[in-house]
Structure formats: structure tokens, C-alpha cells
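K.L.:
Dropping in work34.tsv, with TSV, C-alpha atoms and all ligand atoms.
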chain	number	residue	atom	x	y	z
J	197	MET	CA	0.00	0.00	0.00
J	198	THR	CA	1.49	3.36	-0.97
J	199	ARG	CA	1.09	5.94	1.69
J	200	ASN	CA	1.20	9.68	1.46
J	201	SER	CA	1.10	12.28	4.19
J	202	HIS	CA	-2.66	12.78	3.79
J	203	THR	CA	-3.27	9.07	4.36
J	204	GLU	CA	-0.91	9.10	7.33
J	205	GLU	CA	-2.81	12.01	8.79
J	206	LEU	CA	-6.16	10.24	8.45
J	207	VAL	CA	-4.79	7.09	10.05
J	208	SER	CA	-3.40	9.18	12.91
J	209	LEU	CA	-6.94	10.46	13.54
J	210	LEU	CA	-8.22	6.88	13.80
J	211	ARG	CA	-5.38	6.20	16.24
J	212	ALA	CA	-6.43	9.22	18.31
J	213	MET	CA	-10.04	8.01	18.47
J	214	TRP	CA	-8.89	4.55	19.55
J	215	MET	CA	-6.65	6.07	22.22
J	216	ILE	CA	-9.63	7.97	23.67
J	217	ARG	CA	-11.95	4.92	23.48
J	218	ALA	CA	-9.35	2.68	25.13
J	219	PHE	CA	-8.68	5.34	27.79
J	220	GLU	CA	-12.33	5.65	28.73
J	221	GLU	CA	-13.00	1.91	28.69
J	222	LYS	CA	-10.06	1.43	31.04
J	223	VAL	CA	-11.27	4.27	33.24
J	224	SER	CA	-14.69	2.58	33.39
J	225	ALA	CA	-13.07	-0.67	34.53
J	226	LEU	CA	-10.94	1.13	37.14
J	227	TYR	CA	-14.06	2.90	38.39
J	228	ALA	CA	-15.89	-0.40	38.78
J	229	ALA	CA	-12.87	-1.66	40.74
J	230	HIS	CA	-12.98	1.49	42.97
J	231	GLU	CA	-9.49	2.52	41.83
J	232	ILE	CA	-11.06	5.74	40.51
J	233	VAL	CA	-13.72	7.40	42.62
J	234	GLY	CA	-16.06	10.38	42.35
J	235	LEU	CA	-18.55	11.23	39.64
J	236	LEU	CA	-17.44	10.08	36.20
J	237	HIS	CA	-18.92	11.03	32.82
J	238	LEU	CA	-17.68	9.16	29.76
J	239	GLY	CA	-17.92	10.30	26.16
J	240	ILE	CA	-17.75	6.85	24.58
J	241	GLY	CA	-19.37	7.22	21.16
J	242	GLN	CA	-18.52	10.93	20.86
J	243	GLU	CA	-14.82	10.58	19.96
J	244	ALA	CA	-15.19	11.92	16.41
J	245	VAL	CA	-16.22	15.33	17.74
J	246	ALA	CA	-13.14	15.72	19.94
J	247	VAL	CA	-10.68	14.39	17.37
J	248	GLY	CA	-12.27	16.05	14.33
J	249	ALA	CA	-12.53	19.42	16.06
J	250	CYS	CA	-8.98	19.42	17.42
J	251	SER	CA	-7.45	18.15	14.17
J	252	HIS	CA	-7.13	21.69	12.77
J	253	LEU	CA	-5.86	23.33	15.95
J	254	ARG	CA	-2.39	24.58	16.73
J	255	GLY	CA	-0.53	23.73	19.89
J	256	ASP	CA	-0.97	27.30	21.15
J	257	ASP	CA	-4.75	27.40	20.60
J	258	TYR	CA	-6.86	27.31	23.75
J	259	VAL	CA	-9.40	24.55	24.40
J	260	PHE	CA	-12.07	24.48	27.10
J	261	GLY	CA	-14.24	21.52	28.05
J	262	GLY	CA	-17.01	20.55	30.44
J	263	HIS	CA	-17.87	17.59	32.64
J	264	ARG	CA	-17.39	15.01	29.83
J	265	SER	CA	-13.98	16.08	28.59
J	266	HIS	CA	-11.35	13.34	28.83
J	267	GLY	CA	-11.55	13.02	25.04
J	268	HIS	CA	-11.23	16.77	24.47
J	269	ALA	CA	-8.07	16.94	26.58
J	270	LEU	CA	-6.53	13.90	24.89
J	271	ALA	CA	-7.43	15.16	21.41
J	272	LYS	CA	-5.66	18.44	22.23
J	273	GLY	CA	-2.55	16.45	23.11
J	274	ALA	CA	-2.79	15.77	26.85
J	275	ASP	CA	-0.49	13.03	28.10
J	276	VAL	CA	-2.35	9.78	28.80
J	277	LYS	CA	-0.25	8.94	31.86
J	278	ARG	CA	-0.72	12.29	33.56
J	279	LEU	CA	-4.44	12.30	32.75
J	280	MET	CA	-4.96	8.77	34.06
J	281	ALA	CA	-3.00	9.68	37.20
J	282	GLU	CA	-5.20	12.74	37.68
J	283	LEU	CA	-8.35	10.64	37.49
J	284	ALA	CA	-6.82	8.19	39.99
J	285	GLY	CA	-6.11	11.11	42.34
J	286	ARG	CA	-2.31	10.70	42.27
J	287	ALA	CA	0.40	13.32	42.75
J	288	SER	CA	1.74	12.65	39.23
J	289	GLY	CA	-1.56	13.81	37.70
J	290	TYR	CA	-2.08	17.02	35.77
J	291	CYS	CA	-3.44	18.79	38.86
J	292	ALA	CA	-1.42	16.70	41.31
J	293	GLY	CA	-4.52	14.57	41.86
J	294	LYS	CA	-6.54	17.44	43.28
J	295	GLY	CA	-8.80	18.06	40.29
J	296	GLY	CA	-10.01	14.73	38.98
J	297	SER	CA	-12.24	13.96	36.02
J	298	MET	CA	-14.20	17.22	35.86
J	299	HIS	CA	-11.35	19.64	36.58
J	300	ILE	CA	-8.71	18.70	34.05
J	301	VAL	CA	-6.12	21.38	33.32
J	302	ALA	CA	-3.34	20.62	30.83
J	303	MET	CA	-1.83	24.02	30.11
J	304	ASP	CA	1.24	22.46	28.48
J	305	VAL	CA	-0.96	21.55	25.50
J	306	GLY	CA	-3.41	24.45	25.66
J	307	PHE	CA	-6.22	22.58	27.40
J	308	VAL	CA	-7.12	25.43	29.73
J	309	THR	CA	-9.81	23.78	31.80
J	310	ALA	CA	-12.77	21.47	32.10
J	311	THR	CA	-15.59	22.24	34.54
J	312	GLY	CA	-18.48	20.64	36.39
J	313	VAL	CA	-20.48	23.85	35.97
J	314	VAL	CA	-22.67	23.31	32.91
J	315	GLY	CA	-22.03	26.19	30.50
J	316	GLY	CA	-19.32	27.54	32.81
J	317	THR	CA	-16.46	27.50	30.32
J	318	LEU	CA	-18.21	29.47	27.56
J	319	PRO	CA	-17.45	32.87	29.10
J	320	LEU	CA	-13.94	31.68	30.03
J	321	ALA	CA	-13.27	30.80	26.37
J	322	LEU	CA	-14.31	34.33	25.45
J	323	GLY	CA	-11.63	35.65	27.80
J	324	ALA	CA	-8.98	33.51	26.10
J	325	ALA	CA	-10.25	34.56	22.67
J	326	PHE	CA	-10.12	38.22	23.73
J	327	ALA	CA	-6.50	37.75	24.84
J	328	ALA	CA	-5.69	35.94	21.58
J	329	LYS	CA	-7.15	38.79	19.56
J	330	GLU	CA	-5.07	41.34	21.49
J	331	LYS	CA	-1.87	39.29	21.06
J	332	LYS	CA	-2.37	39.10	17.27
J	333	ARG	CA	-0.61	35.76	16.82
J	334	GLY	CA	-3.54	34.08	15.09
J	335	GLN	CA	-4.48	31.96	18.11
J	336	LEU	CA	-8.06	31.00	18.77
J	337	ALA	CA	-10.19	29.43	21.48
J	338	VAL	CA	-12.48	26.42	21.16
J	339	VAL	CA	-15.12	25.52	23.72
J	340	PHE	CA	-16.90	22.16	23.84
J	341	PHE	CA	-20.30	22.00	25.53
J	342	GLY	CA	-23.53	20.00	25.37
J	343	ASP	CA	-27.11	20.62	24.29
J	344	GLY	CA	-28.06	21.07	27.95
J	345	ALA	CA	-25.58	23.95	28.27
J	346	GLY	CA	-27.45	25.66	25.44
J	347	GLN	CA	-30.20	26.47	27.93
J	348	ALA	CA	-27.83	28.31	30.28
J	349	GLY	CA	-27.81	32.09	30.43
J	350	ALA	CA	-24.02	32.13	30.06
J	351	PHE	CA	-24.39	30.43	26.66
J	352	HIS	CA	-26.53	33.24	25.27
J	353	GLU	CA	-24.42	36.01	26.80
J	354	SER	CA	-21.27	34.41	25.39
J	355	LEU	CA	-22.63	34.08	21.86
J	356	ASN	CA	-23.80	37.68	21.92
J	357	ILE	CA	-20.50	39.17	23.10
J	358	ALA	CA	-18.38	36.89	20.87
J	359	SER	CA	-20.33	38.07	17.86
J	360	LEU	CA	-20.35	41.73	18.88
J	361	TRP	CA	-16.60	41.82	19.57
J	362	LYS	CA	-15.68	39.51	16.65
J	363	LEU	CA	-13.73	37.21	18.94
J	364	PRO	CA	-11.72	34.25	17.56
J	365	VAL	CA	-13.74	31.60	19.37
J	366	ILE	CA	-15.35	28.44	18.02
J	367	PHE	CA	-18.36	27.05	19.82
J	368	VAL	CA	-18.49	23.26	19.43
J	369	CYS	CA	-21.84	21.93	20.60
J	370	GLU	CA	-22.04	18.20	21.24
J	371	ASN	CA	-25.75	17.72	20.79
J	372	ASN	CA	-26.19	14.20	22.15
J	373	GLY	CA	-29.92	14.64	22.67
J	374	TYR	CA	-29.86	14.49	26.47
J	375	ALA	CA	-29.09	16.71	29.43
J	376	GLU	CA	-28.59	14.22	32.25
J	377	PHE	CA	-31.79	12.13	31.99
J	378	THR	CA	-33.88	14.70	30.11
J	379	PRO	CA	-34.31	14.41	26.35
J	380	LEU	CA	-33.79	17.52	24.26
J	381	SER	CA	-37.51	17.78	23.48
J	382	ALA	CA	-38.23	18.19	27.21
J	383	HIS	CA	-35.71	20.97	27.79
J	384	THR	CA	-36.13	23.14	24.71
J	385	LYS	CA	-38.35	23.74	21.69
J	386	VAL	CA	-35.20	24.52	19.68
J	387	GLU	CA	-34.16	21.20	18.18
J	388	ARG	CA	-30.96	22.48	16.57
J	389	LEU	CA	-28.70	24.50	18.83
J	390	ALA	CA	-27.13	26.11	15.76
J	391	GLN	CA	-30.36	28.07	15.43
J	392	HIS	CA	-29.20	30.20	18.38
J	393	ALA	CA	-26.00	31.04	16.47
J	394	LYS	CA	-28.14	32.47	13.67
J	395	THR	CA	-29.93	34.66	16.22
J	396	TYR	CA	-26.59	36.13	17.28
J	397	ALA	CA	-25.33	36.47	13.67
J	398	ILE	CA	-22.65	33.79	14.03
J	399	PRO	CA	-21.96	31.51	11.03
J	400	SER	CA	-22.93	27.96	11.91
J	401	ARG	CA	-23.06	24.39	10.64
J	402	THR	CA	-24.87	21.33	11.95
J	403	VAL	CA	-23.07	18.10	11.11
J	404	ASP	CA	-23.20	14.38	11.81
J	405	GLY	CA	-20.98	14.24	14.88
J	406	ASN	CA	-20.24	10.54	14.41
J	407	ASP	CA	-18.69	11.25	11.02
J	408	LEU	CA	-15.12	12.34	11.67
J	409	LEU	CA	-14.64	13.80	8.23
J	410	ALA	CA	-17.84	15.87	8.48
J	411	VAL	CA	-16.73	17.35	11.82
J	412	ARG	CA	-13.27	18.01	10.40
J	413	ALA	CA	-14.63	19.76	7.30
J	414	ALA	CA	-16.91	22.02	9.36
J	415	MET	CA	-14.04	22.86	11.71
J	416	LYS	CA	-11.71	23.64	8.83
J	417	ASN	CA	-13.98	26.49	7.71
J	418	ALA	CA	-14.61	27.66	11.26
J	419	VAL	CA	-10.88	27.75	12.07
J	420	ALA	CA	-10.01	29.56	8.84
J	421	GLN	CA	-12.60	32.23	9.53
J	422	ALA	CA	-11.60	32.75	13.17
J	423	ARG	CA	-7.88	32.91	12.33
J	424	ALA	CA	-8.58	35.42	9.58
J	425	GLY	CA	-10.10	37.79	12.15
J	426	LYS	CA	-13.66	37.31	10.90
J	427	GLY	CA	-15.03	36.42	14.31
J	428	PRO	CA	-16.66	33.39	15.93
J	429	ALA	CA	-18.14	30.27	14.40
J	430	PHE	CA	-20.51	27.62	15.71
J	431	VAL	CA	-20.34	23.91	14.90
J	432	GLU	CA	-23.16	21.70	16.14
J	433	CYS	CA	-22.33	17.99	16.13
J	434	LEU	CA	-25.22	15.52	16.36
J	435	THR	CA	-24.02	12.55	18.37
J	436	HIS	CA	-24.89	10.14	21.18
J	437	ARG	CA	-23.15	8.97	24.32
J	438	MET	CA	-23.13	5.21	24.36
J	439	ARG	CA	-22.96	5.13	28.17
J	440	GLY	CA	-25.26	6.51	30.81
J	441	HIS	CA	-24.98	10.15	31.89
J	442	TYR	CA	-22.54	9.04	34.57
J	443	GLU	CA	-20.94	5.67	35.25
J	444	GLY	CA	-23.52	3.68	37.17
J	445	ASP	CA	-26.50	5.45	35.57
J	446	PRO	CA	-29.00	2.68	34.69
J	447	ALA	CA	-30.17	4.92	31.81
J	448	LYS	CA	-33.77	3.73	31.98
J	449	TYR	CA	-34.89	6.88	30.12
J	450	ARG	CA	-33.35	5.52	26.92
J	451	GLU	CA	-34.82	2.77	24.76
J	452	LEU	CA	-32.35	-0.04	24.12
J	453	SER	CA	-33.35	0.08	20.45
J	454	GLN	CA	-32.15	3.72	20.34
J	455	LEU	CA	-28.77	2.72	21.72
J	456	ALA	CA	-28.56	-0.16	19.22
J	457	GLU	CA	-29.22	2.26	16.34
J	458	TRP	CA	-26.43	4.57	17.49
J	459	LYS	CA	-24.04	1.66	17.95
J	460	LYS	CA	-24.42	1.03	14.23
J	461	LYS	CA	-23.07	4.56	13.76
J	462	ASP	CA	-20.06	4.03	16.07
J	463	PRO	CA	-17.62	6.71	14.88
J	464	ILE	CA	-14.56	4.46	15.13
J	465	ALA	CA	-16.01	1.54	13.17
J	466	ARG	CA	-17.41	4.00	10.68
J	467	PHE	CA	-14.16	5.83	10.05
J	468	SER	CA	-12.30	2.51	9.84
J	469	ARG	CA	-14.67	1.47	7.06
J	470	VAL	CA	-14.03	4.78	5.25
J	471	LEU	CA	-10.28	4.22	5.45
J	472	LYS	CA	-10.60	0.65	4.23
J	473	THR	CA	-12.68	1.80	1.26
J	474	LYS	CA	-9.97	4.36	0.47
J	475	LYS	CA	-7.44	1.49	0.71
J	476	ALA	CA	-5.72	3.45	3.47
J	477	LEU	CA	-6.21	0.70	6.07
J	478	THR	CA	-6.14	-3.11	6.13
J	479	ASP	CA	-7.92	-5.33	8.65
J	480	GLU	CA	-4.53	-6.19	10.10
J	481	ALA	CA	-3.46	-2.54	10.45
J	482	SER	CA	-6.80	-1.74	12.06
J	483	ALA	CA	-6.35	-4.51	14.65
J	484	THR	CA	-2.80	-3.30	15.34
J	485	ILE	CA	-4.01	0.26	15.99
J	486	GLU	CA	-6.56	-0.98	18.53
J	487	ARG	CA	-4.04	-3.29	20.20
J	488	GLU	CA	-1.43	-0.52	20.45
J	489	ALA	CA	-3.97	1.92	21.89
J	490	ARG	CA	-4.98	-0.57	24.58
J	491	ALA	CA	-1.31	-1.29	25.41
J	492	LEU	CA	-0.60	2.45	25.72
J	493	ILE	CA	-3.52	2.83	28.13
J	494	GLU	CA	-2.56	-0.26	30.19
J	495	ASN	CA	0.84	1.32	30.61
J	496	ALA	CA	-0.75	4.63	31.64
J	497	ALA	CA	-2.92	2.83	34.20
J	498	GLU	CA	0.10	1.05	35.66
J	499	PHE	CA	1.89	4.39	35.90
J	500	ALA	CA	-1.12	6.02	37.57
J	501	LEU	CA	-1.79	3.29	40.10
J	502	SER	CA	1.86	2.99	41.09
J	503	SER	CA	2.20	6.77	41.57
J	504	PRO	CA	2.17	8.27	45.08
J	505	TRP	CA	-0.84	9.99	46.60
J	506	PRO	CA	-0.67	13.75	47.09
J	507	LEU	CA	0.60	14.75	50.52
J	508	PRO	CA	-1.69	16.55	52.99
J	509	GLU	CA	0.89	19.33	53.40
J	510	ASP	CA	0.69	20.04	49.63
J	511	VAL	CA	-3.04	20.70	49.71
J	512	ASP	CA	-2.66	24.38	48.76
J	513	SER	CA	0.57	24.14	46.76
J	514	GLN	CA	-1.11	24.97	43.43
J	515	VAL	CA	-3.47	27.57	44.74
J	516	THR	CA	-2.65	31.09	43.67
J	517	SER	CA	-4.17	34.19	45.15
V	601	LIG	C1	-24.84	25.09	36.35
V	601	LIG	C2	-25.19	23.65	36.48
V	601	LIG	N1	-26.49	23.29	36.46
V	601	LIG	C3	-26.82	21.97	36.56
V	601	LIG	C4	-25.85	21.00	36.68
V	601	LIG	C5	-26.21	19.52	36.77
V	601	LIG	N2	-25.88	18.87	35.50
V	601	LIG	C6	-24.74	18.15	35.36
V	601	LIG	S1	-24.57	17.55	33.80
V	601	LIG	C7	-26.02	18.22	33.32
V	601	LIG	C8	-26.53	18.03	31.93
V	601	LIG	C9	-25.63	18.57	30.90
V	601	LIG	O1	-26.14	18.21	29.65
V	601	LIG	P1	-25.33	18.58	28.35
V	601	LIG	O2	-24.89	19.99	28.43
V	601	LIG	O3	-26.20	18.22	27.22
V	601	LIG	O4	-24.03	17.68	28.41
V	601	LIG	P2	-23.91	16.08	28.31
V	601	LIG	O5	-24.02	15.56	29.72
V	601	LIG	O6	-25.01	15.58	27.45
V	601	LIG	O7	-22.58	15.84	27.75
V	601	LIG	C10	-26.62	18.93	34.35
V	601	LIG	C11	-27.91	19.64	34.24
V	601	LIG	C12	-24.50	21.43	36.72
V	601	LIG	N3	-23.49	20.57	36.84
V	601	LIG	N4	-24.20	22.75	36.59
V	602	MG	MG	-26.27	16.50	26.12
Mind turning this structure into C-alpha cells?
P.N.:
Amino acid sequence: MTRNSHTEELVSLLRAMWMIRAFEEKVSALYAAHEIVGLLHLGIGQEAVAVGACSHLRGDDYVFGGHRSHGHALAKGADVKRLMAELAGRASGYCAGKGGSMHIVAMDVGFVTATGVVGGTLPLALGAAFAAKEKKRGQLAVVFFGDGAGQAGAFHESLNIASLWKLPVIFVCENNGYAEFTPLSAHTKVERLAQHAKTYAIPSRTVDGNDLLAVRAAMKNAVAQARAGKGPAFVECLTHRMRGHYEGDPAKYRELSQLAEWKKKDPIARFSRVLKTKKALTDEASATIEREARALIENAAEFALSSPWPLPEDVDSQVTS
């Protein structure tokens, strides 16, 4: 098989999705074994949004997440070992084990913060975008959030100011059809969140969020426009989380047939099929990518679980006033 750099790049995106899937499946197992504690939200099934959106970003771009953001941090380049250690509450973690799943900060790769406050990072991303605009180095900010966040006041205020001040920020909405246990139809009459972008005069696209190439194409335009100083963009990705809202959620509000339908649209299997059709991937290479991703994550878990706990006397060592 002849390979060019474009093919290599596409295969690297499949590798990134597998790394995130393997990471979260391992985290799920460690949670069940009580090695990871606290509230845990997995984005299994939503990997194409994280990887597709981050695939056009520079190292010095700023990314903000929410409560379901392991994939966003990894797609931006976060180190699997330090992230796993953070989730396991160890001193070798990104926040020395004091943040955990919902408070990931990986400034070394431009992942500014996640948050447990739904909609809380939208205004923060505006701040980063404002700074980027002032610095004039072509940086931009990307914020990931869900359909539920679209009902928060901060969402509307952020879209309005971003548009008014022409800030280089890209709003990436993961519309997975649920806010906790509430379907979209029970929390808003507005079925497509991108409709709000139109209200605030922000260019928007709604794409199939389980189609990596569709997310990537929408982001390419959004990134080009924001870098060119033309202001914000909004990308709505229609997707589905294949787990409950949190680990342990029995998810009785969802029909099993609905889950089965979405499993047929699994973004990893789907993109693998695309690559095979393009003759960019063989069955053997595909199996190797999955195996290598799982080995990488096993190694990260061993690192995390053999790392020391944070010391009580270091409780305020990373707190600045
Ligand atoms: C300000 C605030 N209100 C309510 C909650 C409780 N809460 C946690 S997750 C969630 C739903 C979020 O839904 P969505 O934005 O669609 O994200 P998803 O969980 O689907 O990824 C809610 C209401 C919260 N964490 N913060
Ligand atoms: Mg949602």
C-alpha cells in the first residue's frame, strides 16, 4: 500500500479516536474496581467530535471543556499517563490529583480547563479569545459544551459578546440529545442549537458528529474564519453517548433500540470502514491500531496506580491568590 502524508494524517486520527476509546473503557473498569472514585462522565461514542474538532488546531490554541472532557483533553494532546494519574487522584496527575475527572487542566498543551459547571467554560473561552485577539498571533479558542448547556444564560451572553466583539472563538456543541436524563424535546423547543447562532449572527453548521470527516470539514472552515479575524463560528455535532450520563447510571430513560441504532453509527467503526474503502487501512493494520492503543492505556494505568498519593501538606501548593 502506498502511503502519502494525507493518508498518514487520516490514520493518525483513527489512532487518536482509539486512544480515547481505550482510555475511557479502562477508566470505566478502574471505576468499577474502585481505583477511581467520584462522579465520572464518559464520552464513549462521541470521539469523532473531539478528534475532528482538534485536528485543525495549533498547539498554542486554547481549548475548554465541560464535565465530559477526557476526550477533548486527549485530542488536544494531553499526556495519557498524567491524565490517568489525575483521574486516579495521584500526585503525578495534571493537577497533582486534586482536580479529577471534571477539573482537568493541561496548560502544556493548551487545554485550559474542564468544569463541572454546565455552561461555565463558555465565558472563560471568550476571555482567552479576547487575549488571543489582542496578542495578534492568530491563536483561537475552542469551547466544547452539550445541548443542555445551550439552555444556560451564560451560553446566550457568550454568543452575543463573541459576535459583537468579533472574537476568535469556536463554539463546538455536542448535541447528544440528552441533558442528564432529560431528552432535548423536554428541555427546549429549539431542536438544533445552531439556530441560536443564527440569532446572534454567528456563522454555523450542523453536522453528523459521528462522522469524523464531516466534523473536520466544518471545523476547517470555522478555524479559517476565526484565524482570519472574521469572528466566531458555531459547529453543532449531532451525536450520542453510548454510556449513561454518569458511570452507574442505569439509563432507563433511553430505549435499548435507540442505543442499538447509534451503535451502528459508532464513529470508530465507521471511520475505519471509510479508510478501508480508500485502501488506506487493512484489517490487520486496524487490529494493530486498537491493540497498540490498549497497550498504551494499560501502561498509563500502571503508571497512575503505582504513583504516590498527594501529601496533605501540599493541599494548597497549586493555589494562587
Ligand atoms: C450550572 C449547572 N447546572 C446543573 C448542573 C447539573 N448537571 C450536570 S450535567 C447536566 C446536563 C448537561 O447536559 P449537556 O450539556 O447536554 O451535556 P452532556 O451531559 O449531554 O454531555 C446537568 C444539568 C450542573 N453541573 N451545573
Ligand atoms: Mg447533552
K.L.:
Just checking: using all atoms listed in the file, which residue out of J:Ala418, J:Leu477, J:Arg437, J:Glu370 ends up closest to J:Arg217?
P.N.:
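Ranking J:Ala418, J:Leu477, J:Arg437, J:Glu370 by distance to J:Arg217, first place goes to J:Arg437.
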K.L.:
Here is a test: counting only C-alpha atoms, which residue of J:Pro463, J:Gly425, J:Gly248, J:Gly444 is nearest to J:Ala328?
P.N.:
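Nearest to J:Ala328: J:Gly425.
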K.L.:
So, with all atoms listed in the file as the atoms that count, which of J:Val276, J:Tyr258, J:Gly239, J:Lys426 lies closest to J:Ala491?
P.N.:
J:Val276
K.L.:
Residues at most 7 Å from stretch 223-236 of chain J, counting all atoms listed in the file, excluding those fewer than 2 positions away in the same chain, as a ChimeraX atom specification?
P.N.:
/J:219-221,238,283-284,297,442-443
K.L.:
Please give me, as a list in words, the residues lying within 7 Å of ligand MG 602 (chain V) when counting all atoms listed in the file.
P.N.:
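Result of the 7 Å neighbour search around ligand MG 602 (chain V): Gly342, Asp343, Gly344, Glu370, Asn371, Asn372, Gly373, Tyr374, Ala375 and Glu376 of chain J.
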K.L.:
Deliver the residues from the most recent selection as a file, using C-alpha atoms, as a CSV table (one decimal), in the coordinates of the input.
P.N.:
chain,number,residue,atom,x,y,z
J,342,GLY,CA,-23.5,20.0,25.4
J,343,ASP,CA,-27.1,20.6,24.3
J,344,GLY,CA,-28.1,21.1,28.0
J,370,GLU,CA,-22.0,18.2,21.2
J,371,ASN,CA,-25.8,17.7,20.8
J,372,ASN,CA,-26.2,14.2,22.2
J,373,GLY,CA,-29.9,14.6,22.7
J,374,TYR,CA,-29.9,14.5,26.5
J,375,ALA,CA,-29.1,16.7,29.4
J,376,GLU,CA,-28.6,14.2,32.2
K.L.:
What are the centre and the three edge lengths of an axis-aligned box that wraps all atoms of ligand LIG 601 (chain V) in the file, given that 6 Å is added to every side, written as JSON and rounded to one decimal in Å?
P.N.:
{"center_x": -25.2, "center_y": 20.3, "center_z": 32.0, "size_x": 17.3, "size_y": 21.5, "size_z": 21.6}
K.L.:
May I ask for the distance between atom CA of J:Ala456 and atom CA of J:Leu408, given in Å to one decimal place?
P.N.:
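These two atoms are separated by 19.8 Å.
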K.L.:
How many Å separate atom CA of J:Phe377 from atom CA of J:Glu243?
P.N.:
20.9 Å
